[in-house]
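Structure data (PDB, C-alpha atoms and all ligand atoms) from structure.pdb:
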```pdb
ATOM      1  CA  MET A   1      -7.801 -28.284  31.328
ATOM      2  CA  PRO A   2     -11.536 -28.194  30.424
ATOM      3  CA  ASN A   3     -12.558 -30.685  27.758
ATOM      4  CA  THR A   4     -13.912 -27.997  25.419
ATOM      5  CA  THR A   5     -10.575 -26.164  25.518
ATOM      6  CA  ILE A   6      -8.716 -29.302  24.452
ATOM      7  CA  LYS A   7     -11.260 -29.907  21.672
ATOM      8  CA  THR A   8     -10.903 -26.333  20.407
ATOM      9  CA  GLU A   9      -7.119 -26.586  20.486
ATOM     10  CA  ILE A  10      -7.108 -29.870  18.573
ATOM     11  CA  LEU A  11      -9.473 -28.368  16.006
ATOM     12  CA  ILE A  12      -7.165 -25.383  15.600
ATOM     13  CA  HIS A  13      -4.187 -27.725  15.371
ATOM     14  CA  ASP A  14      -5.901 -29.651  12.578
ATOM     15  CA  LEU A  15      -6.259 -26.448  10.555
ATOM     16  CA  LYS A  16      -2.516 -26.602   9.933
ATOM     17  CA  VAL A  17      -2.774 -29.251   7.223
ATOM     18  CA  PRO A  18      -5.440 -27.661   5.003
ATOM     19  CA  ILE A  19      -3.712 -24.273   5.335
ATOM     20  CA  SER A  20      -0.419 -25.805   4.145
ATOM     21  CA  VAL A  21      -2.218 -27.390   1.193
ATOM     22  CA  ILE A  22      -3.743 -24.038   0.165
ATOM     23  CA  ASP A  23      -0.332 -22.398   0.554
ATOM     24  CA  ALA A  24       1.527 -25.049  -1.427
ATOM     25  CA  GLY A  25      -1.114 -24.983  -4.201
ATOM     26  CA  ALA A  26      -0.973 -21.216  -4.610
ATOM     27  CA  LYS A  27       2.851 -21.273  -4.578
ATOM     28  CA  SER A  28       2.950 -24.008  -7.244
ATOM     29  CA  LEU A  29       0.667 -22.004  -9.545
ATOM     30  CA  LEU A  30       2.845 -18.928  -9.026
ATOM     31  CA  ASN A  31       6.317 -20.450  -9.184
ATOM     32  CA  ARG A  32       5.877 -23.295 -11.657
ATOM     33  CA  GLN A  33       4.178 -21.611 -14.566
ATOM     34  CA  ASP A  34       6.170 -23.865 -16.919
ATOM     35  CA  SER A  35       4.102 -26.871 -15.861
ATOM     36  CA  TYR A  36       0.878 -25.195 -14.632
ATOM     37  CA  GLY A  37       0.542 -22.622 -17.411
ATOM     38  CA  PRO A  38       1.234 -18.888 -17.741
ATOM     39  CA  LEU A  39      -0.488 -16.327 -15.494
ATOM     40  CA  THR A  40      -1.751 -12.808 -16.125
ATOM     41  CA  GLU A  41      -0.614  -9.883 -13.924
ATOM     42  CA  LYS A  42      -4.021  -9.873 -12.219
ATOM     43  CA  GLN A  43      -3.845 -13.598 -11.457
ATOM     44  CA  ILE A  44      -0.357 -13.160  -9.985
ATOM     45  CA  LYS A  45      -1.659 -10.366  -7.747
ATOM     46  CA  VAL A  46      -4.504 -12.543  -6.463
ATOM     47  CA  LEU A  47      -2.198 -15.508  -5.819
ATOM     48  CA  LYS A  48       0.228 -13.305  -3.882
ATOM     49  CA  ARG A  49      -2.659 -12.060  -1.773
ATOM     50  CA  ILE A  50      -3.706 -15.665  -1.075
ATOM     51  CA  ILE A  51      -0.155 -16.566  -0.022
ATOM     52  CA  ARG A  52       0.136 -13.513   2.285
ATOM     53  CA  ASN A  53      -3.141 -14.425   3.937
ATOM     54  CA  THR A  54      -2.261 -18.083   4.421
ATOM     55  CA  LEU A  55       0.859 -16.832   6.194
ATOM     56  CA  THR A  56      -1.282 -14.709   8.520
ATOM     57  CA  THR A  57      -3.544 -17.696   9.175
ATOM     58  CA  GLN A  58      -0.569 -19.948   9.915
ATOM     59  CA  ARG A  59       0.740 -17.398  12.411
ATOM     60  CA  LEU A  60      -2.626 -17.118  14.134
ATOM     61  CA  VAL A  61      -2.843 -20.899  14.452
ATOM     62  CA  ASN A  62       0.681 -21.061  15.867
ATOM     63  CA  ASP A  63      -0.068 -18.231  18.298
ATOM     64  CA  VAL A  64      -3.125 -20.018  19.680
ATOM     65  CA  LEU A  65      -1.186 -23.259  20.056
ATOM     66  CA  GLU A  66       1.667 -21.394  21.740
ATOM     67  CA  LEU A  67      -0.795 -19.932  24.256
ATOM     68  CA  GLY A  68      -2.086 -23.411  25.021
ATOM     69  CA  ARG A  69       1.465 -24.588  25.556
ATOM     70  CA  SER A  70       2.136 -21.593  27.787
ATOM     71  CA  ARG A  71      -0.923 -22.283  29.901
ATOM     72  CA  GLU A  72       0.378 -25.795  30.462
ATOM     73  CA  GLY A  73       3.702 -24.317  31.584
ATOM     74  CA  VAL A  74       5.684 -25.746  28.676
ATOM     75  CA  MET A  75       8.812 -23.753  27.852
ATOM     76  CA  ILE A  76      11.007 -24.452  24.861
ATOM     77  CA  THR A  77      14.129 -22.402  25.433
ATOM     78  CA  SER A  78      17.122 -21.974  23.151
ATOM     79  CA  ASP A  79      20.002 -19.585  22.503
ATOM     80  CA  PHE A  80      19.226 -16.886  19.958
ATOM     81  CA  SER A  81      20.456 -13.394  19.208
ATOM     82  CA  VAL A  82      18.275 -10.385  19.909
ATOM     83  CA  SER A  83      18.987  -9.152  16.371
ATOM     84  CA  SER A  84      17.555 -12.296  14.761
ATOM     85  CA  LEU A  85      14.438 -11.972  16.885
ATOM     86  CA  VAL A  86      13.832  -8.298  16.076
ATOM     87  CA  ILE A  87      14.461  -8.891  12.372
ATOM     88  CA  ALA A  88      12.105 -11.892  12.290
ATOM     89  CA  VAL A  89       9.280  -9.884  13.883
ATOM     90  CA  LEU A  90       9.747  -6.906  11.558
ATOM     91  CA  VAL A  91       9.865  -9.169   8.486
ATOM     92  CA  GLU A  92       6.637 -10.892   9.561
ATOM     93  CA  ILE A  93       4.854  -7.561   9.993
ATOM     94  CA  PHE A  94       6.127  -5.928   6.787
ATOM     95  CA  ASP A  95       5.516  -9.093   4.737
ATOM     96  CA  LEU A  96       1.824  -8.328   5.127
ATOM     97  CA  SER A  97       1.813  -4.550   4.788
ATOM     98  CA  ASP A  98       4.820  -3.701   2.599
ATOM     99  CA  PRO A  99       6.669  -6.737   1.148
ATOM    100  CA  GLY A 100       9.296  -4.452  -0.466
ATOM    101  CA  ILE A 101      10.481  -3.263   2.963
ATOM    102  CA  ALA A 102      10.370  -6.844   4.255
ATOM    103  CA  ASP A 103      12.800  -7.861   1.487
ATOM    104  CA  LEU A 104      15.134  -4.975   2.373
ATOM    105  CA  ILE A 105      15.063  -5.993   6.055
ATOM    106  CA  ARG A 106      15.967  -9.590   5.131
ATOM    107  CA  LYS A 107      19.107  -8.308   3.412
ATOM    108  CA  VAL A 108      20.478  -5.986   6.113
ATOM    109  CA  GLU A 109      23.889  -6.865   7.465
ATOM    110  CA  SER A 110      24.310  -4.419  10.297
ATOM    111  CA  TYR A 111      22.258  -2.661  12.901
ATOM    112  CA  ALA A 112      22.972   0.752  11.313
ATOM    113  CA  GLU A 113      21.638  -0.536   7.980
ATOM    114  CA  LEU A 114      18.444  -1.774   9.616
ATOM    115  CA  GLU A 115      17.834   1.623  11.237
ATOM    116  CA  GLN A 116      18.177   3.224   7.809
ATOM    117  CA  VAL A 117      15.734   0.830   6.146
ATOM    118  CA  LEU A 118      13.155   1.333   8.888
ATOM    119  CA  ASP A 119      13.368   5.107   9.156
ATOM    120  CA  PRO A 120      11.466   5.942   5.931
ATOM    121  CA  ALA A 121       8.914   3.259   6.859
ATOM    122  CA  GLY A 122       8.036   5.223   9.998
ATOM    123  CA  VAL A 123       9.756   2.928  12.483
ATOM    124  CA  ARG A 124      12.368   4.314  14.854
ATOM    125  CA  LEU A 125      14.465   1.443  16.139
ATOM    126  CA  ARG A 126      16.836   2.120  19.026
ATOM    127  CA  LEU A 127      18.599  -0.844  20.522
ATOM    128  CA  ASP A 128      21.526  -0.762  22.899
ATOM    129  CA  LYS A 129      24.613  -1.303  20.736
ATOM    130  CA  LYS A 130      25.773  -4.252  22.796
ATOM    131  CA  MET A 131      22.288  -5.737  22.734
ATOM    132  CA  TRP A 132      22.294  -6.221  18.981
ATOM    133  CA  LYS A 133      24.573  -9.243  19.011
ATOM    134  CA  THR A 134      23.679 -10.404  22.504
ATOM    135  CA  VAL A 135      22.630 -14.031  22.678
ATOM    136  CA  VAL A 136      19.811 -14.719  25.139
ATOM    137  CA  HIS A 137      18.437 -17.995  26.406
ATOM    138  CA  LEU A 138      14.644 -17.747  26.329
ATOM    139  CA  ASP A 139      11.551 -19.230  24.686
ATOM    140  CA  ALA A 140      11.927 -17.534  21.283
ATOM    141  CA  ALA A 141       8.373 -18.282  20.093
ATOM    142  CA  LYS A 142       6.915 -16.592  23.165
ATOM    143  CA  VAL A 143       9.140 -13.500  22.989
ATOM    144  CA  LYS A 144       8.388 -13.175  19.264
ATOM    145  CA  GLN A 145       4.659 -13.398  19.869
ATOM    146  CA  ILE A 146       4.853 -10.686  22.549
ATOM    147  CA  LEU A 147       6.883  -8.309  20.392
ATOM    148  CA  ARG A 148       4.791  -8.991  17.267
ATOM    149  CA  ASN A 149       1.544  -8.236  19.105
ATOM    150  CA  LEU A 150       2.814  -4.978  20.597
ATOM    151  CA  VAL A 151       4.360  -3.769  17.340
ATOM    152  CA  THR A 152       1.236  -4.727  15.353
ATOM    153  CA  ASN A 153      -0.905  -2.730  17.789
ATOM    154  CA  ALA A 154       1.474   0.224  17.519
ATOM    155  CA  PHE A 155       1.168   0.121  13.708
ATOM    156  CA  LYS A 156      -2.611  -0.113  13.944
ATOM    157  CA  HIS A 157      -2.895   2.923  16.205
ATOM    158  CA  ARG A 158       0.044   5.160  15.253
ATOM    159  CA  ALA A 159      -0.382   8.549  13.617
ATOM    160  CA  CYS A 160       2.935   8.287  11.765
ATOM    161  CA  LEU A 161       5.569   6.786  14.046
ATOM    162  CA  VAL A 162       6.317   3.484  15.765
ATOM    163  CA  GLU A 163       9.226   3.333  18.207
ATOM    164  CA  ILE A 164      11.014   0.195  19.370
ATOM    165  CA  PHE A 165      13.629   0.438  22.122
ATOM    166  CA  GLY A 166      15.598  -2.402  23.605
ATOM    167  CA  SER A 167      18.241  -2.850  26.255
ATOM    168  CA  ILE A 168      19.639  -5.424  28.609
ATOM    169  CA  GLU A 169      20.006  -4.362  32.223
ATOM    170  CA  GLU A 170      20.792  -6.392  35.309
ATOM    171  CA  LYS A 171      19.874  -9.799  33.951
ATOM    172  CA  GLN A 172      16.703  -8.652  32.298
ATOM    173  CA  MET A 173      15.726  -7.754  28.775
ATOM    174  CA  ILE A 174      13.728  -4.557  28.378
ATOM    175  CA  LEU A 175      11.653  -3.934  25.260
ATOM    176  CA  LYS A 176       9.669  -0.744  24.774
ATOM    177  CA  VAL A 177       7.133  -0.333  21.981
ATOM    178  CA  GLY A 178       5.580   3.078  21.486
ATOM    179  CA  ASP A 179       3.463   4.996  19.007
ATOM    180  CA  ASP A 180       2.218   8.538  18.500
ATOM    181  CA  GLY A 181      -1.459   7.654  18.119
ATOM    182  CA  ARG A 182      -4.616   8.479  20.038
ATOM    183  CA  GLY A 183      -3.350   6.763  23.193
ATOM    184  CA  ILE A 184      -5.299   4.905  25.857
ATOM    185  CA  PRO A 185      -7.230   6.743  28.583
ATOM    186  CA  THR A 186      -6.246   5.722  32.125
ATOM    187  CA  ALA A 187      -9.740   4.297  32.686
ATOM    188  CA  ASN A 188      -8.964   1.563  30.141
ATOM    189  CA  HIS A 189      -5.458   0.655  31.273
ATOM    190  CA  GLN A 190      -6.639  -2.544  32.982
ATOM    191  CA  ARG A 191      -9.422  -3.464  30.578
ATOM    192  CA  ILE A 192      -7.341  -3.596  27.398
ATOM    193  CA  PHE A 193      -5.619  -6.687  28.828
ATOM    194  CA  GLU A 194      -8.925  -8.537  29.203
ATOM    195  CA  THR A 195      -9.892 -11.044  26.514
ATOM    196  CA  TYR A 196     -12.221  -9.658  23.828
ATOM    197  CA  PHE A 197     -11.946  -6.059  25.039
ATOM    198  CA  THR A 198     -11.634  -3.582  22.184
ATOM    199  CA  THR A 199     -12.422   0.109  22.040
ATOM    200  CA  GLY A 200     -13.534   0.215  18.403
ATOM    201  CA  GLY A 201     -17.250   0.155  17.692
ATOM    202  CA  SER A 202     -17.802  -0.243  13.958
ATOM    203  CA  ILE A 203     -18.094  -3.578  12.173
ATOM    204  CA  GLU A 204     -14.849  -2.807  10.381
ATOM    205  CA  THR A 205     -12.954  -2.520  13.654
ATOM    206  CA  ALA A 206     -14.626  -5.663  14.944
ATOM    207  CA  ILE A 207     -13.141  -7.613  12.037
ATOM    208  CA  GLU A 208      -9.629  -6.263  12.537
ATOM    209  CA  SER A 209      -9.677  -6.377  16.327
ATOM    210  CA  HIS A 210     -10.359  -9.440  18.388
ATOM    211  CA  GLY A 211      -9.149  -8.068  21.685
ATOM    212  CA  LEU A 212      -7.019 -11.163  22.200
ATOM    213  CA  GLY A 213      -3.504  -9.902  21.453
ATOM    214  CA  LEU A 214      -2.773  -8.186  24.766
ATOM    215  CA  ALA A 215      -4.502 -10.877  26.835
ATOM    216  CA  GLY A 216      -2.155 -13.357  25.134
ATOM    217  CA  VAL A 217       0.852 -11.122  25.809
ATOM    218  CA  MET A 218       0.013 -11.183  29.527
ATOM    219  CA  VAL A 219      -0.307 -14.998  29.593
ATOM    220  CA  LEU A 220       3.084 -15.396  27.913
ATOM    221  CA  LEU A 221       4.782 -12.796  30.120
ATOM    222  CA  LYS A 222       3.421 -14.335  33.296
ATOM    223  CA  ASP A 223       4.762 -17.678  32.150
ATOM    224  CA  MET A 224       8.254 -16.264  31.693
ATOM    225  CA  GLY A 225       8.147 -14.321  34.963
ATOM    226  CA  GLY A 226       8.106 -11.033  33.067
ATOM    227  CA  GLY A 227       6.223  -7.800  33.596
ATOM    228  CA  LEU A 228       4.516  -5.043  31.633
ATOM    229  CA  ILE A 229       4.049  -1.341  32.290
ATOM    230  CA  LEU A 230       1.750   0.826  30.186
ATOM    231  CA  GLU A 231       2.384   4.521  29.880
ATOM    232  CA  SER A 232      -0.336   6.303  27.971
ATOM    233  CA  ASP A 233      -3.178   8.747  28.109
ATOM    234  CA  ASP A 234      -5.873  10.148  25.832
ATOM    235  CA  GLY A 235      -4.269  11.776  22.805
ATOM    236  CA  LYS A 236      -0.739  11.130  24.030
ATOM    237  CA  GLY A 237       0.304   7.976  22.227
ATOM    238  CA  ALA A 238       1.064   4.734  24.022
ATOM    239  CA  GLU A 239       4.175   3.036  25.321
ATOM    240  CA  PHE A 240       4.279  -0.595  26.438
ATOM    241  CA  ILE A 241       7.363  -1.503  28.487
ATOM    242  CA  VAL A 242       8.087  -5.194  28.792
ATOM    243  CA  THR A 243      10.695  -6.752  31.089
ATOM    244  CA  ILE A 244      11.748 -10.382  30.741
ATOM    245  CA  PRO A 245      14.182 -11.961  33.211
ATOM    246  CA  LEU A 246      17.151 -13.677  31.561
TER     247      LEU A 246
HETATM  248  N1  LIG B 301      -0.882   1.154  20.837
HETATM  249  C1  LIG B 301      -2.182   1.304  21.132
HETATM  250  N2  LIG B 301      -2.775   2.528  21.060
HETATM  251  C2  LIG B 301      -4.074   2.692  21.373
HETATM  252  N3  LIG B 301      -4.888   1.688  21.759
HETATM  253  C3  LIG B 301      -4.364   0.459  21.860
HETATM  254  C4  LIG B 301      -2.991   0.196  21.555
HETATM  255  N4  LIG B 301      -2.752  -1.123  21.751
HETATM  256  C5  LIG B 301      -3.926  -1.653  22.146
HETATM  257  N5  LIG B 301      -4.892  -0.722  22.211
HETATM  258  C6  LIG B 301      -6.293  -0.898  22.621
HETATM  259  O1  LIG B 301      -6.396  -2.117  23.341
HETATM  260  C7  LIG B 301      -7.363  -2.974  22.740
HETATM  261  C8  LIG B 301      -6.936  -4.403  22.934
HETATM  262  O2  LIG B 301      -5.726  -4.683  22.202
HETATM  263  P1  LIG B 301      -5.445  -6.176  21.733
HETATM  264  O3  LIG B 301      -4.134  -6.227  21.073
HETATM  265  O4  LIG B 301      -5.701  -7.078  22.879
HETATM  266  O5  LIG B 301      -6.598  -6.468  20.700
HETATM  267  P2  LIG B 301      -6.755  -5.959  19.202
HETATM  268  O6  LIG B 301      -5.486  -5.375  18.698
HETATM  269  O7  LIG B 301      -7.963  -5.083  19.189
HETATM  270  O8  LIG B 301      -7.079  -7.301  18.414
HETATM  271  P3  LIG B 301      -6.114  -8.555  18.213
HETATM  272  O9  LIG B 301      -6.781  -9.661  18.952
HETATM  273  O10 LIG B 301      -6.091  -8.752  16.744
HETATM  274  O11 LIG B 301      -4.789  -8.197  18.784
HETATM  275  C9  LIG B 301      -7.423  -2.525  21.287
HETATM  276  O12 LIG B 301      -8.658  -2.819  20.691
HETATM  277  C10 LIG B 301      -7.204  -1.017  21.417
HETATM  278  O13 LIG B 301      -8.411  -0.390  21.727
HETATM  279 MG    MG B 302      -3.670  -6.501  18.923
END
```
Just give me the structure as structure tokens.
Ligand SMILES: Nc1ncnc2c1ncn2[C@@H]1O[C@H](COP(=O)(O)OP(=O)(O)OP(=O)(O)O)[C@@H](O)[C@H]1O
Ligand SMILES: [Mg+2]
Amino acid sequence: MPNTTIKTEILIHDLKVPISVIDAGAKSLLNRQDSYGPLTEKQIKVLKRIIRNTLTTQRLVNDVLELGRSREGVMITSDFSVSSLVIAVLVEIFDLSDPGIADLIRKVESYAELEQVLDPAGVRLRLDKKMWKTVVHLDAAKVKQILRNLVTNAFKHRACLVEIFGSIEEKQMILKVGDDGRGIPTANHQRIFETYFTTGGSIETAIESHGLGLAGVMVLLKDMGGGLILESDDGKGAEFIVTIPL
């Protein structure tokens, strides 16, 4: 591994401590008003925003470290249920955009209940019934990162609907993530997987889009021996189909 890559990774790793300190400080102010003093509504709002953003930063740091681990061929596999994985990803995404829905998702007890919570939020979840409780043996952090990136993209680009399909067929897990947005012209089907490629031009888009998500997805998939098919065209929405061998 090039020396600069190791240095960058160690630097990113070292961000973990100060981020935790910011997070713990904000949470103390919010949750221990008896010892730190009472807060106004506006102060509570700001603190909650700080906590949400430290969470995003922590995830980004973990994602970068996970990619480094992947590049080195390190796999940390365990048994986990598909339902826990899907719920974890949806909670992470809604925690940032709509914490009320995230709380509802945390409380669901069945697959049918989850479908009902997601429907009004514009997410159509369709998993094979038997898949819901299926336990798989994979690197959970990697699968989560793949699903989170695809679903986040779908949310970013959808008109009003995000679709998540899942099934298990012949010793492989299939996850499909689709949206009804502007789609991706065939000419860009290769390029969107390159690092730093984005289609947005304005400064605003440049801040929200780093063009790293899909490049990372490909690194992780390659590591797990998985594959990805993109079905999309201009104005026709996009569907990313991921297969991961079990
Ligand atoms: N569902 C989608 N619909 C339309 N375009 C998409 C979709 N997903 C990805 N793209 C295009 O592919 C580009 C690369 O996606 P990628 O996830 O790698 O980066 P990003 O989302 O722009 O930024 P980030 O690094 O935060 O993920 C996007 O900028 C966008 O133009
Ligand atoms: Mg992305």
- prompt: Of the candidates A:Asp14, A:Asp128, A:Asp223, A:Glu92, which shows the shortest atom-to-atom distance to Thr152 of chain A, using all atoms listed in the file?
  reply: A:Glu92
Test item: the PyMOL selection byres (((not hetatm)) within 6 of (chain B and resi 302)) resolved as JSON, numbers by chain: {"A": [149, 153, 213]}
- request: Give the residue list for ligand LIG 301 (chain B) at 6 Å, counting only C-alpha atoms and all ligand atoms, as a count of residues only, sorted by chain and then by residue number.
  value: 19
message: So the first atom is atom CA of Asp95 of chain A and the second is atom CA of Gly122 of chain A; what is the distance between them in Å, to one decimal place?
response: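 About the pair atom CA of Asp95 of chain A and atom CA of Gly122 of chain A: they are 15.5 Å apart.
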task: Could you tell me which of A:Glu231, A:Gly237, A:Val217, A:Lys107 comes closest to Phe155 of chain A if we count only C-alpha atoms?
output: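 Closest to Phe155 of chain A, using only C-alpha atoms: A:Gly237.
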Distance of atom CA of Ser81 of chain A from atom CA of His137 of chain A, expressed in Å to one decimal place: 8.8 Å
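Between Arg148 of chain A and the residues A:Ile19, A:Leu221, A:Ile93, A:Thr243, the shortest atom-to-atom distance, using only C-alpha atoms, involves A:Ile93.
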field: Protein and nucleic acid residues near (6.3, -13.2, 22.4) (cut-off 10 Å, only C-alpha atoms) as a list of chain:residue names
entry: A:Asp63, A:Glu66, A:Leu67, A:Leu85, A:Val89, A:Asp139, A:Ala140, A:Ala141, A:Lys142, A:Val143, A:Lys144, A:Gln145, A:Ile146, A:Leu147, A:Arg148, A:Asn149, A:Leu150, A:Gly216, A:Val217, A:Met218, A:Val219, A:Leu220, A:Leu221, A:Met224
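Proximity of A:Ile164, A:Leu175, A:Met131, A:Val21 to Phe80 of chain A, computed with all atoms listed in the file, is greatest for A:Met131.
Across the structure, atom CA of Ile229 of chain A and atom CA of Glu194 of chain A are spaced 15.2 Å apart.
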